[in-house]
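**Student:** Okay, so here is target.txt, and as you'll see once you scroll down, it has compact mmCIF, C-alpha atoms.
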```txt
# COMPACT_ATOMS: atom_id res chain seq x y z
CA MET N 892 0.00 0.00 0.00
CA SER N 893 1.30 3.42 -0.91
CA GLU N 894 0.56 5.91 1.87
CA SER N 895 1.26 8.87 -0.38
CA LEU N 896 -1.34 7.63 -2.88
CA VAL N 897 -3.95 7.11 -0.15
CA ALA N 898 -3.27 10.58 1.24
CA MET N 899 -3.64 12.19 -2.17
CA VAL N 900 -6.83 10.45 -3.33
CA THR N 901 -8.41 11.03 0.10
CA ALA N 902 -7.72 14.76 -0.13
CA LEU N 903 -9.04 14.85 -3.71
CA GLY N 904 -12.19 13.00 -2.62
CA ASP N 905 -12.62 15.31 0.36
CA ASP N 906 -12.54 18.42 -1.86
CA GLU N 907 -15.27 16.93 -4.05
CA LEU N 908 -17.40 15.62 -1.18
CA ILE N 909 -17.41 18.82 0.84
CA LEU N 910 -17.96 21.15 -2.11
CA GLY N 911 -20.62 18.77 -3.42
CA HIS N 912 -22.32 18.93 -0.02
CA ARG N 913 -22.34 22.74 -0.11
CA HIS N 914 -23.67 22.71 -3.69
CA ALA N 915 -26.43 20.34 -2.59
CA GLU N 916 -27.61 22.87 -0.01
CA TRP N 917 -29.00 24.88 -2.95
CA THR N 918 -31.47 22.11 -3.79
CA GLY N 919 -34.88 23.70 -3.43
CA PHE N 920 -33.42 27.21 -3.17
CA ALA N 921 -31.59 27.90 -6.45
CA PRO N 922 -32.61 31.03 -8.39
CA TYR N 923 -35.13 29.13 -10.52
CA ILE N 924 -36.40 25.61 -11.09
CA GLU N 925 -34.23 24.62 -14.07
CA GLU N 926 -31.12 25.83 -12.26
CA ASP N 927 -32.26 23.96 -9.18
CA VAL N 928 -32.19 20.72 -11.17
CA ALA N 929 -28.96 21.63 -12.98
CA PHE N 930 -27.06 22.61 -9.85
CA SER N 931 -28.34 19.58 -7.96
CA SER N 932 -27.02 17.40 -10.81
CA ILE N 933 -23.65 19.06 -10.47
CA ALA N 934 -23.71 18.44 -6.71
CA GLN N 935 -24.48 14.76 -7.36
CA ASP N 936 -21.63 14.59 -9.89
CA GLU N 937 -19.14 16.01 -7.37
CA ILE N 938 -20.25 13.58 -4.67
CA GLY N 939 -19.99 10.79 -7.28
CA HIS N 940 -16.40 11.82 -7.99
CA ALA N 941 -15.70 11.71 -4.26
CA ALA N 942 -17.16 8.18 -4.13
CA ALA N 943 -14.83 7.16 -6.98
CA TYR N 944 -11.74 8.53 -5.23
CA TYR N 945 -12.81 6.83 -1.98
CA SER N 946 -13.29 3.53 -3.85
CA LEU N 947 -9.70 3.77 -4.94
CA ALA N 948 -8.62 4.55 -1.37
CA SER N 949 -10.78 1.67 -0.21
CA THR N 950 -8.97 -0.86 -2.39
CA LEU N 951 -5.68 0.32 -0.85
CA THR N 952 -6.71 0.51 2.82
CA GLY N 953 -9.54 -1.99 3.15
CA LEU N 954 -11.79 0.63 4.76
CA THR N 955 -15.29 0.93 3.28
CA ARG N 956 -16.19 3.98 1.22
CA ASP N 957 -18.79 5.02 3.81
CA ALA N 958 -16.23 4.76 6.60
CA ILE N 959 -13.91 7.02 4.63
CA ALA N 960 -16.62 9.51 3.64
CA LEU N 961 -18.54 9.66 6.91
CA GLY N 962 -16.64 7.78 9.60
CA ARG N 963 -13.77 10.16 10.21
CA SER N 964 -13.51 12.91 12.80
CA ALA N 965 -13.62 16.48 11.45
CA GLY N 966 -9.86 16.89 11.88
CA GLU N 967 -9.18 13.91 9.62
CA TYR N 968 -10.65 15.54 6.52
CA ARG N 969 -8.10 16.98 4.10
CA HIS N 970 -10.16 19.25 1.82
CA ALA N 971 -9.25 22.87 1.21
CA VAL N 972 -11.00 25.33 3.53
CA LEU N 973 -12.54 27.02 0.45
CA CYS N 974 -14.78 23.98 -0.06
CA GLU N 975 -16.36 24.19 3.41
CA ARG N 976 -17.23 27.91 3.33
CA PRO N 977 -20.98 28.57 3.46
CA ASN N 978 -22.71 29.29 0.17
CA SER N 979 -23.33 32.94 0.99
CA ASP N 980 -25.13 34.30 -2.10
CA TRP N 981 -25.47 32.99 -5.65
CA ALA N 982 -22.57 35.17 -6.92
CA TYR N 983 -20.26 33.63 -4.32
CA THR N 984 -21.45 30.10 -5.10
CA ILE N 985 -20.95 30.50 -8.83
CA THR N 986 -17.59 32.24 -8.48
CA ARG N 987 -16.40 29.44 -6.23
CA GLN N 988 -17.67 26.79 -8.64
CA TRP N 989 -16.02 28.63 -11.53
CA LEU N 990 -12.61 28.94 -9.87
CA TYR N 991 -12.76 25.50 -8.23
CA ASP N 992 -13.61 23.73 -11.49
CA ARG N 993 -10.79 25.57 -13.27
CA ALA N 994 -8.39 24.44 -10.56
CA ASP N 995 -9.83 20.92 -10.70
CA CYS N 996 -9.40 20.71 -14.49
CA LEU N 997 -5.72 21.65 -14.18
CA ARG N 998 -5.27 19.06 -11.47
CA LEU N 999 -7.09 16.37 -13.46
CA THR N 1000 -4.99 17.11 -16.54
CA ALA N 1001 -1.91 16.44 -14.42
CA LEU N 1002 -3.46 13.25 -12.97
CA GLU N 1003 -4.06 11.97 -16.50
CA GLU N 1004 -0.27 11.56 -16.63
CA SER N 1005 -0.15 9.58 -13.38
CA GLU N 1006 1.65 6.26 -13.36
CA HIS N 1007 -1.21 4.73 -11.41
CA ASP N 1008 -3.52 3.17 -14.02
CA ASP N 1009 -6.79 3.40 -12.06
CA LEU N 1010 -6.15 6.99 -11.04
CA ARG N 1011 -5.26 7.95 -14.61
CA HIS N 1012 -8.46 6.42 -16.01
CA LEU N 1013 -10.53 7.96 -13.25
CA ALA N 1014 -9.10 11.41 -14.00
CA THR N 1015 -10.10 11.07 -17.67
CA LYS N 1016 -13.62 10.02 -16.74
CA ILE N 1017 -14.08 12.80 -14.21
CA ARG N 1018 -12.78 15.44 -16.59
CA ARG N 1019 -15.50 14.55 -19.11
CA GLU N 1020 -18.11 15.62 -16.54
CA GLU N 1021 -16.17 18.58 -15.26
CA ARG N 1022 -16.26 20.00 -18.78
CA TYR N 1023 -20.00 20.59 -18.36
CA HIS N 1024 -19.54 22.05 -14.90
CA LEU N 1025 -17.17 24.58 -16.36
CA ILE N 1026 -19.58 25.42 -19.19
CA HIS N 1027 -22.27 25.94 -16.56
CA ALA N 1028 -20.09 28.22 -14.43
CA ASP N 1029 -18.79 30.12 -17.48
CA MET N 1030 -22.32 30.87 -18.65
CA TRP N 1031 -23.35 32.27 -15.29
CA MET N 1032 -20.15 34.28 -14.85
CA GLU N 1033 -20.47 35.84 -18.30
CA ARG N 1034 -24.09 36.76 -17.73
CA ILE N 1035 -23.59 38.20 -14.27
CA ALA N 1036 -20.41 40.03 -15.28
CA HIS N 1037 -22.12 41.67 -18.26
CA GLY N 1038 -25.39 42.25 -16.49
CA PRO N 1039 -26.54 45.02 -14.20
CA MET N 1040 -24.29 46.80 -11.72
CA GLU N 1041 -25.60 44.95 -8.66
CA GLY N 1042 -24.51 41.58 -9.99
CA ARG N 1043 -21.14 42.88 -11.15
CA SER N 1044 -20.29 44.31 -7.76
CA LYS N 1045 -21.36 41.10 -6.01
CA LEU N 1046 -19.19 39.18 -8.43
CA SER N 1047 -16.10 41.27 -7.86
CA ARG N 1048 -16.55 40.97 -4.10
CA ALA N 1049 -16.95 37.21 -4.39
CA ALA N 1050 -13.96 36.90 -6.74
CA THR N 1051 -11.72 38.70 -4.25
CA THR N 1052 -12.68 36.38 -1.41
CA VAL N 1053 -12.67 33.19 -3.44
CA LEU N 1054 -9.45 33.84 -5.36
CA SER N 1055 -7.42 34.37 -2.20
CA ALA N 1056 -8.87 31.18 -0.70
CA THR N 1057 -7.99 29.08 -3.76
CA ALA N 1058 -4.47 29.01 -2.30
CA GLY N 1059 -5.75 26.25 -0.04
CA LEU N 1060 -6.41 24.03 -3.06
CA PHE N 1061 -2.72 24.09 -3.94
CA GLU N 1062 -1.19 23.45 -0.56
CA PRO N 1063 0.87 20.29 -0.98
CA PHE N 1064 -0.86 17.01 -0.19
CA GLU N 1065 0.50 15.08 2.78
CA ARG N 1066 3.50 13.05 1.60
CA GLU N 1067 3.40 14.87 -1.73
CA ALA N 1068 7.14 14.53 -2.27
CA ALA N 1069 6.72 10.77 -2.10
CA ALA N 1070 3.67 10.88 -4.40
CA ILE N 1071 5.81 12.71 -6.95
CA SER N 1072 8.82 10.43 -6.66
CA GLU N 1073 6.56 7.37 -6.90
CA GLY N 1074 4.98 8.82 -10.04
CA TRP N 1075 1.38 9.14 -8.79
CA LEU N 1076 1.53 12.90 -9.27
CA THR N 1077 3.56 14.40 -12.11
CA VAL N 1078 3.22 18.11 -11.35
CA SER N 1079 3.64 19.58 -7.87
CA SER N 1080 0.73 21.42 -6.24
CA GLU N 1081 2.90 24.52 -6.11
CA GLU N 1082 3.44 24.46 -9.87
CA LEU N 1083 -0.26 23.77 -10.50
CA GLY N 1084 -1.06 26.75 -8.27
CA ARG N 1085 1.17 29.01 -10.35
CA ARG N 1086 -0.51 27.86 -13.56
CA PHE N 1087 -3.90 28.35 -11.95
CA VAL N 1088 -3.28 31.94 -10.86
CA SER N 1089 -2.20 33.00 -14.32
CA GLU N 1090 -5.20 31.23 -15.92
CA ALA N 1091 -7.64 32.66 -13.38
CA VAL N 1092 -6.36 36.21 -13.87
CA ASP N 1093 -6.71 35.88 -17.65
CA ALA N 1094 -10.22 34.49 -17.28
CA LEU N 1095 -11.25 37.31 -14.92
CA ASP N 1096 -9.76 39.80 -17.35
CA GLY N 1097 -11.87 38.24 -20.09
CA LEU N 1098 -14.96 38.99 -18.01
CA GLY N 1099 -14.04 42.65 -17.66
CA LEU N 1100 -12.88 42.09 -14.08
CA PRO N 1101 -9.20 42.94 -14.43
CA ALA N 1102 -7.46 41.61 -11.37
CA GLU N 1103 -4.16 42.82 -10.01
CA VAL N 1104 -2.60 39.97 -8.17
CA SER N 1105 -0.25 40.63 -5.28
CA PRO N 1106 3.32 39.30 -5.55
CA GLY N 1107 2.41 36.35 -3.33
CA GLY N 1108 -0.06 35.48 -6.06
CA TRP N 1109 -3.21 34.87 -4.06
CA ARG N 1110 -4.79 38.20 -3.36
CA ALA N 1111 -6.64 39.98 -6.10
CA GLU N 1112 -7.67 43.57 -6.21
CA PHE N 1113 -10.11 44.65 -8.87
CA VAL N 1114 -9.36 47.70 -10.88
CA ALA N 1115 -12.22 50.06 -11.59
CA SER N 1116 -13.22 49.96 -15.24
CA SER N 1117 -12.91 53.10 -17.38
CA SER N 1118 -16.59 53.83 -16.86
CA GLY N 1119 -15.85 53.71 -13.14
CA ASP N 1120 -18.73 51.38 -12.43
CA LEU N 1121 -16.82 48.61 -10.78
CA ILE N 1122 -16.49 48.62 -7.03
CA ALA N 1123 -13.10 47.34 -5.97
CA GLY N 1124 -13.68 44.17 -4.03
CA ASP N 1125 -10.68 44.38 -1.70
CA GLN N 1126 -11.78 45.68 1.68
CA SER N 1127 -8.37 45.52 3.35
CA ALA N 1128 -6.78 48.67 4.67
CA PRO N 1129 -3.89 50.07 2.62
CA GLY N 1130 -0.57 48.68 3.73
CA GLU N 1131 -2.20 45.75 5.53
CA ALA N 1132 -0.11 42.60 5.30
CA ILE N 1133 -1.43 40.42 2.50
CA ALA N 1134 -1.42 36.70 3.14
CA PRO N 1135 -3.10 33.84 1.32
CA ALA N 1136 -6.32 32.89 3.07
CA GLY N 1137 -7.93 29.56 3.77
CA LEU N 1138 -4.78 27.51 4.32
CA GLY N 1139 -4.46 24.50 6.59
CA GLY N 1140 -7.12 22.22 5.10
CA ARG N 1141 -4.61 19.74 3.67
CA SER N 1142 -3.28 19.13 7.18
CA GLY N 1143 -6.73 18.93 8.78
CA HIS N 1144 -7.01 22.50 10.10
CA HIS N 1145 -10.52 23.58 9.30
CA SER N 1146 -12.66 26.58 10.11
CA HIS N 1147 -15.71 26.66 12.38
CA ASP N 1148 -17.80 26.47 9.20
CA PHE N 1149 -16.73 22.86 8.88
CA SER N 1150 -17.80 21.83 12.39
CA SER N 1151 -21.49 22.33 11.62
CA LEU N 1152 -21.21 20.90 8.10
CA TRP N 1153 -19.47 17.78 9.46
CA ALA N 1154 -22.02 17.31 12.26
CA ASP N 1155 -24.86 17.60 9.74
CA MET N 1156 -23.29 15.43 7.04
CA THR N 1157 -22.22 12.55 9.31
CA ARG N 1158 -25.16 12.55 11.76
CA THR N 1159 -27.03 9.61 10.24
CA TYR N 1160 -23.89 7.53 9.78
CA ARG N 1161 -22.74 8.15 13.34
CA ALA N 1162 -26.16 7.18 14.72
CA ASP N 1163 -25.47 3.59 13.64
CA PRO N 1164 -22.24 2.98 11.72
CA LYS N 1165 -23.06 -0.72 11.27
CA ALA N 1166 -26.42 -0.16 9.60
CA THR N 1167 -26.69 -1.24 5.98
CA TRP N 1168 -28.70 0.89 3.56
CA MET V 1449 -36.14 35.17 -19.54
CA GLU V 1450 -37.99 33.26 -22.21
CA VAL V 1451 -39.66 29.90 -22.49
CA TYR V 1452 -37.95 27.37 -24.75
CA GLU V 1453 -39.56 24.17 -25.99
CA VAL V 1454 -37.27 21.16 -25.69
CA PHE V 1455 -37.12 18.20 -28.10
CA ARG V 1456 -34.93 15.15 -27.75
CA ARG V 1457 -34.34 11.84 -29.50
CA SER V 1458 -32.79 8.64 -28.28
CA GLY V 1459 -30.78 7.78 -31.40
CA HIS V 1460 -29.88 9.36 -34.71
CA LYS V 1461 -32.55 7.34 -36.54
CA GLN V 1462 -35.31 8.22 -34.08
CA PRO V 1463 -37.51 11.28 -34.54
CA PHE V 1464 -37.15 14.27 -32.22
CA GLU V 1465 -39.98 14.31 -29.73
CA HIS V 1466 -41.18 17.11 -27.53
CA CYS V 1467 -40.21 16.46 -23.90
CA GLY V 1468 -40.88 19.69 -22.03
CA THR V 1469 -39.84 23.28 -21.59
CA VAL V 1470 -37.12 25.31 -19.90
CA THR V 1471 -36.98 28.98 -19.01
CA ALA V 1472 -33.70 30.65 -19.94
CA PRO V 1473 -32.29 34.06 -20.92
CA ASP V 1474 -30.94 32.80 -24.28
CA SER V 1475 -30.63 29.67 -26.42
CA GLU V 1476 -27.15 28.76 -25.18
CA MET V 1477 -28.31 28.62 -21.58
CA ALA V 1478 -31.56 26.95 -22.62
CA MET V 1479 -29.53 24.08 -24.11
CA LEU V 1480 -27.47 23.63 -20.97
CA MET V 1481 -30.59 23.65 -18.79
CA ALA V 1482 -32.30 21.23 -21.16
CA LYS V 1483 -29.30 18.90 -21.02
CA GLU V 1484 -29.35 18.95 -17.21
CA CYS V 1485 -33.13 18.64 -16.89
CA TYR V 1486 -34.06 16.22 -19.71
CA LEU V 1487 -30.99 14.04 -20.30
CA ARG V 1488 -30.41 13.06 -16.68
CA ARG V 1489 -31.33 9.41 -17.08
CA LYS V 1490 -29.69 8.25 -20.32
CA GLU V 1491 -32.61 9.41 -22.45
CA GLY V 1492 -30.29 10.11 -25.34
CA GLN V 1493 -27.72 12.54 -26.57
CA TYR V 1494 -29.53 14.82 -29.00
CA LEU V 1495 -31.47 17.96 -28.17
CA TRP V 1496 -33.26 20.77 -29.92
CA VAL V 1497 -34.46 23.89 -28.19
CA THR V 1498 -36.52 26.60 -29.77
CA ARG V 1499 -38.16 29.72 -28.45
CA ARG V 1500 -41.83 29.07 -27.83
CA SER V 1501 -42.53 32.45 -29.43
CA GLU V 1502 -41.07 31.15 -32.69
CA ILE V 1503 -43.42 28.19 -32.89
CA HIS V 1504 -46.42 28.78 -35.17
CA SER V 1505 -49.35 26.98 -33.75
CA TRP V 1506 -52.74 26.18 -35.17
CA SER V 1507 -55.84 24.44 -33.87
CA ASP V 1508 -59.57 24.07 -34.64
CA GLU V 1509 -61.75 22.45 -32.02
CA ALA V 1510 -64.42 21.58 -34.58
CA LEU V 1511 -62.03 19.50 -36.64
CA PRO V 1512 -62.73 16.09 -34.99
CA GLU V 1513 -66.42 16.48 -36.02
CA PRO V 1514 -66.37 16.78 -39.85
CA ALA V 1515 -69.41 17.99 -41.74
CA ALA V 1516 -69.59 14.84 -43.86
CA ASP V 1517 -68.60 11.21 -43.56
CA LYS V 1518 -64.89 10.99 -44.33
CA SER V 1519 -64.41 7.36 -43.42
CA TYR V 1520 -62.99 6.80 -46.95
CA ARG V 1521 -59.81 8.46 -45.64
CA PHE V 1522 -59.22 5.49 -43.30
CA ALA V 1523 -57.88 2.06 -44.23
CA HIS V 1524 -60.64 0.31 -42.28
CA ALA V 1525 -63.19 1.68 -44.73
CA TYR V 1526 -61.72 -0.64 -47.38
CA ARG V 1527 -61.83 -3.92 -45.50
CA ASP V 1528 -64.69 -5.34 -47.63
CA VAL V 1529 -63.12 -4.41 -50.99
CA VAL V 1530 -62.16 -8.06 -51.73
CA GLN V 1531 -65.76 -9.29 -51.24
CA LYS V 1532 -67.13 -6.40 -53.29
CA ARG V 1533 -64.74 -7.19 -56.14
CA GLU V 1534 -65.78 -10.89 -56.10
CA LEU V 1535 -69.41 -9.87 -56.21
CA ALA V 1536 -68.83 -7.48 -59.12
CA ARG V 1537 -66.94 -10.15 -61.09
CA ARG V 1538 -69.78 -12.69 -60.66
CA ARG V 1539 -72.35 -10.12 -61.64
CA ALA V 1540 -70.39 -9.39 -64.82
CA GLY V 1541 -70.34 -13.11 -65.67
CA HIS V 1542 -66.68 -13.71 -64.99
CA PRO V 1543 -65.86 -16.80 -62.89
```
As structure tokens, please, write out the structure in this file.
**Tutor:**
Amino acid sequence: MSESLVAMVTALGDDELILGHRHAEWTGFAPYIEEDVAFSSIAQDEIGHAAAYYSLASTLTGLTRDAIALGRSAGEYRHAVLCERPNSDWAYTITRQWLYDRADCLRLTALEESEHDDLRHLATKIRREERYHLIHADMWMERIAHGPMEGRSKLSRAATTVLSATAGLFEPFEREAAAISEGWLTVSSEELGRRFVSEAVDALDGLGLPAEVSPGGWRAEFVASSSGDLIAGDQSAPGEAIAPAGLGGRSGHHSHDFSSLWADMTRTYRADPKATW
Amino acid sequence: MEVYEVFRRSGHKQPFEHCGTVTAPDSEMAMLMAKECYLRRKEGQYLWVTRRSEIHSWSDEALPEPAADKSYRFAHAYRDVVQKRELARRRAGHP
């Protein structure tokens, strides 16, 4: 059994499970009925991807998928803090989906080069579905970004918060050095993070949300457009130290937001872990 | 937002059939919503969407009650043709 492989696929599954859980909270509340169905499908897809990663982990550890998904304590989850943040409003949810799925596509492209056959095939299969998630997020982003002022300002606020927290997606996995030397991962998280920032900035620019990224690479400030109608999203005081936000998830350090999500998500399983469904 | 009518088919030799509607701001988004709402359970891989406002519709409630007997437009009206032909032949003296 390769511990570095288990650590990596568990973290990948955790990202998908926790974000999928947040997405699923929109079921019944999305802006309109068609979107309710569409976004619920996306939530199911993400949770399905988590199940696939956990299956892989299961073959390596002998633990059941349910035990991996629902039987761990909150501190044993390895998802990025970004995934556990509450949905806030629709602009935040869509911006997070948009940036997360971009990051995920980069990561999956790298995993398609993995020397682990099952992981490589899984990455290809998942990427086929993620393509539609990205189309979905792109459509919403374009429409909100080119729509009325209210939406644009919500979007720039959301983009500022989400972009800085994407740093957490590119913290190295536990035992990542081993995962790289064993060939499971071909590109380091750090390198993927660099690629992601430059892609994300270009994509934001394409939406008329030109972002100026701080030297550290994770904090964006939005520049007012020539018509002056864009509210800068960065609320920090001038000169304030700029640090990437939302770190710690890959080593099990989560925010208070995760405590309630975890309690809610695992309640039924914990009530009777031996029950079969 | 506009209402789009959605059509799908299960294979490239099957006809497109109406399956429902979606509400969307434009055709691109209508297609994505239609894909998510109407192709969730392997119903196929082909879709059409069209604005409801671009469909020309026609109806006449009186049509099922025609003024005259038009049974000659149905195949069942010709079921006794073989017997009638036999009868006519005999009447004309042919065996």
**Student:** Please indicate the distance in Å from atom CA of Thr901 of chain N to atom CA of Arg963 of chain N, rounded to one decimal place.
**Tutor:**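 Spanning atom CA of Thr901 of chain N to atom CA of Arg963 of chain N is a straight-line distance of 11.5 Å.
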**Student:** Residues of chain V that approach chain N to 8 Å or less, counting only C-alpha atoms: could you list each one with the shortest pair of atoms and its distance in Å to one decimal, rows by chain and increasing residue number, as CSV?
**Tutor:**
```
residue,atom,partner,partner_atom,distance
V:Val1470,CA,N:Glu925,CA,6.5
V:Thr1471,CA,N:Glu925,CA,7.1
V:Met1477,CA,N:Met1030,CA,7.0
V:Leu1480,CA,N:His1027,CA,7.2
V:Met1481,CA,N:Glu925,CA,6.0
V:Glu1484,CA,N:Ala929,CA,5.0
V:Cys1485,CA,N:Val928,CA,6.2
```
**Student:** Write out as a PyMOL selection string the residues lying within 7 Å of segment 970-972 of chain N, counting all atoms listed in the file and excluding same-chain residues fewer than 6 positions away.
**Tutor:** chain N and resi 902+905-906+1059-1060+1137-1138+1140-1141+1145-1146
**Student:** Take the selection from the previous step and output its residues with C-alpha atoms, as a JSON list (two decimals), keeping the file's coordinate frame.
**Tutor:**
```
[["chain", "number", "residue", "atom", "x", "y", "z"],
["N", 902, "ALA", "CA", -7.72, 14.76, -0.13],
["N", 905, "ASP", "CA", -12.62, 15.31, 0.36],
["N", 906, "ASP", "CA", -12.54, 18.42, -1.86],
["N", 1059, "GLY", "CA", -5.75, 26.25, -0.04],
["N", 1060, "LEU", "CA", -6.41, 24.03, -3.06],
["N", 1137, "GLY", "CA", -7.93, 29.56, 3.77],
["N", 1138, "LEU", "CA", -4.78, 27.51, 4.32],
["N", 1140, "GLY", "CA", -7.12, 22.22, 5.10],
["N", 1141, "ARG", "CA", -4.61, 19.74, 3.67],
["N", 1145, "HIS", "CA", -10.52, 23.58, 9.30],
["N", 1146, "SER", "CA", -12.66, 26.58, 10.11]]
```
**Student:** Could you list, as a ChimeraX atom specification, every residue within 9 Å of Ala1091 of chain N, counting only C-alpha atoms and ignoring same-chain residues fewer than 2 positions away?
**Tutor:** /N:990,993-994,1054,1086-1089,1093-1096
**Student:** Compile the contact shell of Arg1161 of chain N as a PyMOL selection string: residues with an atom at most 10 Å away, counting all atoms listed in the file, same-chain residues fewer than 4 positions apart removed.
**Tutor:** chain N and resi 958+961-963+1154+1156-1157+1165-1166
**Student:** Pick from N:Ser1080, N:Gly919, N:Thr950, N:Ile938: nearest to Leu1002 of chain N, with only C-alpha atoms counted?
**Tutor:**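 Ranked by minimum distance to Leu1002 of chain N, first place goes to N:Ser1080.
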**Student:** State, in Å with one decimal place, the distance from atom CA of Thr1498 of chain V to atom CA of Gln935 of chain N.
**Tutor:**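 These atoms are spaced 28.1 Å apart.
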**Student:** Record the distance separating atom CA of Thr1469 of chain V and atom CA of Glu1491 of chain V, expressed in Å with one decimal.
**Tutor:**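 Pair atom CA of Thr1469 of chain V / atom CA of Glu1491 of chain V returns 15.7 Å.
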**Student:** Starting from the structure just given, write a file holding segment 1030-1036 of chain N with all heavy atoms, as an mmCIF file, in the first residue's frame.
**Tutor:**
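To be explicit, this is the file written out as result-v6.cif:
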```
data_model
loop_
_atom_site.group_PDB
_atom_site.id
_atom_site.type_symbol
_atom_site.label_atom_id
_atom_site.label_comp_id
_atom_site.auth_asym_id
_atom_site.auth_seq_id
_atom_site.Cartn_x
_atom_site.Cartn_y
_atom_site.Cartn_z
ATOM 1 N N MET N 1030 -21.104 30.195 -18.183
ATOM 2 C CA MET N 1030 -22.323 30.870 -18.648
ATOM 3 C C MET N 1030 -22.835 31.844 -17.602
ATOM 4 O O MET N 1030 -23.221 32.966 -17.915
ATOM 5 C CB MET N 1030 -23.400 29.841 -18.946
ATOM 6 C CG MET N 1030 -23.198 29.169 -20.273
ATOM 7 S SD MET N 1030 -24.650 28.180 -20.641
ATOM 8 C CE MET N 1030 -24.091 27.435 -22.143
ATOM 9 N N TRP N 1031 -22.868 31.377 -16.359
ATOM 10 C CA TRP N 1031 -23.354 32.269 -15.292
ATOM 11 C C TRP N 1031 -22.425 33.462 -15.103
ATOM 12 O O TRP N 1031 -22.878 34.596 -14.955
ATOM 13 C CB TRP N 1031 -23.485 31.495 -13.977
ATOM 14 C CG TRP N 1031 -24.814 30.832 -13.832
ATOM 15 C CD1 TRP N 1031 -25.087 29.508 -14.001
ATOM 16 C CD2 TRP N 1031 -26.058 31.460 -13.489
ATOM 17 N NE1 TRP N 1031 -26.419 29.277 -13.780
ATOM 18 C CE2 TRP N 1031 -27.039 30.455 -13.467
ATOM 19 C CE3 TRP N 1031 -26.436 32.770 -13.204
ATOM 20 C CZ2 TRP N 1031 -28.376 30.707 -13.167
ATOM 21 C CZ3 TRP N 1031 -27.764 33.036 -12.899
ATOM 22 C CH2 TRP N 1031 -28.716 32.016 -12.890
ATOM 23 N N MET N 1032 -21.108 33.194 -15.079
ATOM 24 C CA MET N 1032 -20.151 34.281 -14.850
ATOM 25 C C MET N 1032 -20.279 35.340 -15.945
ATOM 26 O O MET N 1032 -20.326 36.528 -15.663
ATOM 27 C CB MET N 1032 -18.720 33.740 -14.826
ATOM 28 C CG MET N 1032 -18.388 32.924 -13.599
ATOM 29 S SD MET N 1032 -18.444 33.848 -12.033
ATOM 30 C CE MET N 1032 -16.868 34.703 -12.054
ATOM 31 N N GLU N 1033 -20.360 34.880 -17.199
ATOM 32 C CA GLU N 1033 -20.473 35.838 -18.305
ATOM 33 C C GLU N 1033 -21.729 36.682 -18.157
ATOM 34 O O GLU N 1033 -21.713 37.890 -18.364
ATOM 35 C CB GLU N 1033 -20.545 35.105 -19.650
ATOM 36 C CG GLU N 1033 -19.186 34.723 -20.186
ATOM 37 C CD GLU N 1033 -19.294 33.644 -21.260
ATOM 38 O OE1 GLU N 1033 -20.361 33.554 -21.921
ATOM 39 O OE2 GLU N 1033 -18.317 32.875 -21.406
ATOM 40 N N ARG N 1034 -22.822 36.030 -17.796
ATOM 41 C CA ARG N 1034 -24.091 36.759 -17.734
ATOM 42 C C ARG N 1034 -24.140 37.712 -16.544
ATOM 43 O O ARG N 1034 -24.682 38.807 -16.644
ATOM 44 C CB ARG N 1034 -25.259 35.785 -17.748
ATOM 45 C CG ARG N 1034 -25.540 35.311 -19.166
ATOM 46 C CD ARG N 1034 -26.237 33.984 -19.218
ATOM 47 N NE ARG N 1034 -26.364 33.534 -20.593
ATOM 48 C CZ ARG N 1034 -25.390 32.941 -21.291
ATOM 49 N NH1 ARG N 1034 -24.206 32.726 -20.734
ATOM 50 N NH2 ARG N 1034 -25.586 32.569 -22.533
ATOM 51 N N ILE N 1035 -23.582 37.286 -15.420
ATOM 52 C CA ILE N 1035 -23.594 38.202 -14.267
ATOM 53 C C ILE N 1035 -22.610 39.349 -14.508
ATOM 54 O O ILE N 1035 -22.904 40.508 -14.243
ATOM 55 C CB ILE N 1035 -23.258 37.464 -12.944
ATOM 56 C CG1 ILE N 1035 -24.259 36.318 -12.688
ATOM 57 C CG2 ILE N 1035 -23.308 38.435 -11.767
ATOM 58 C CD1 ILE N 1035 -23.922 35.457 -11.472
ATOM 59 N N ALA N 1036 -21.433 39.001 -15.070
ATOM 60 C CA ALA N 1036 -20.408 40.029 -15.279
ATOM 61 C C ALA N 1036 -20.868 41.096 -16.272
ATOM 62 O O ALA N 1036 -20.486 42.260 -16.172
ATOM 63 C CB ALA N 1036 -19.107 39.396 -15.752
#
```
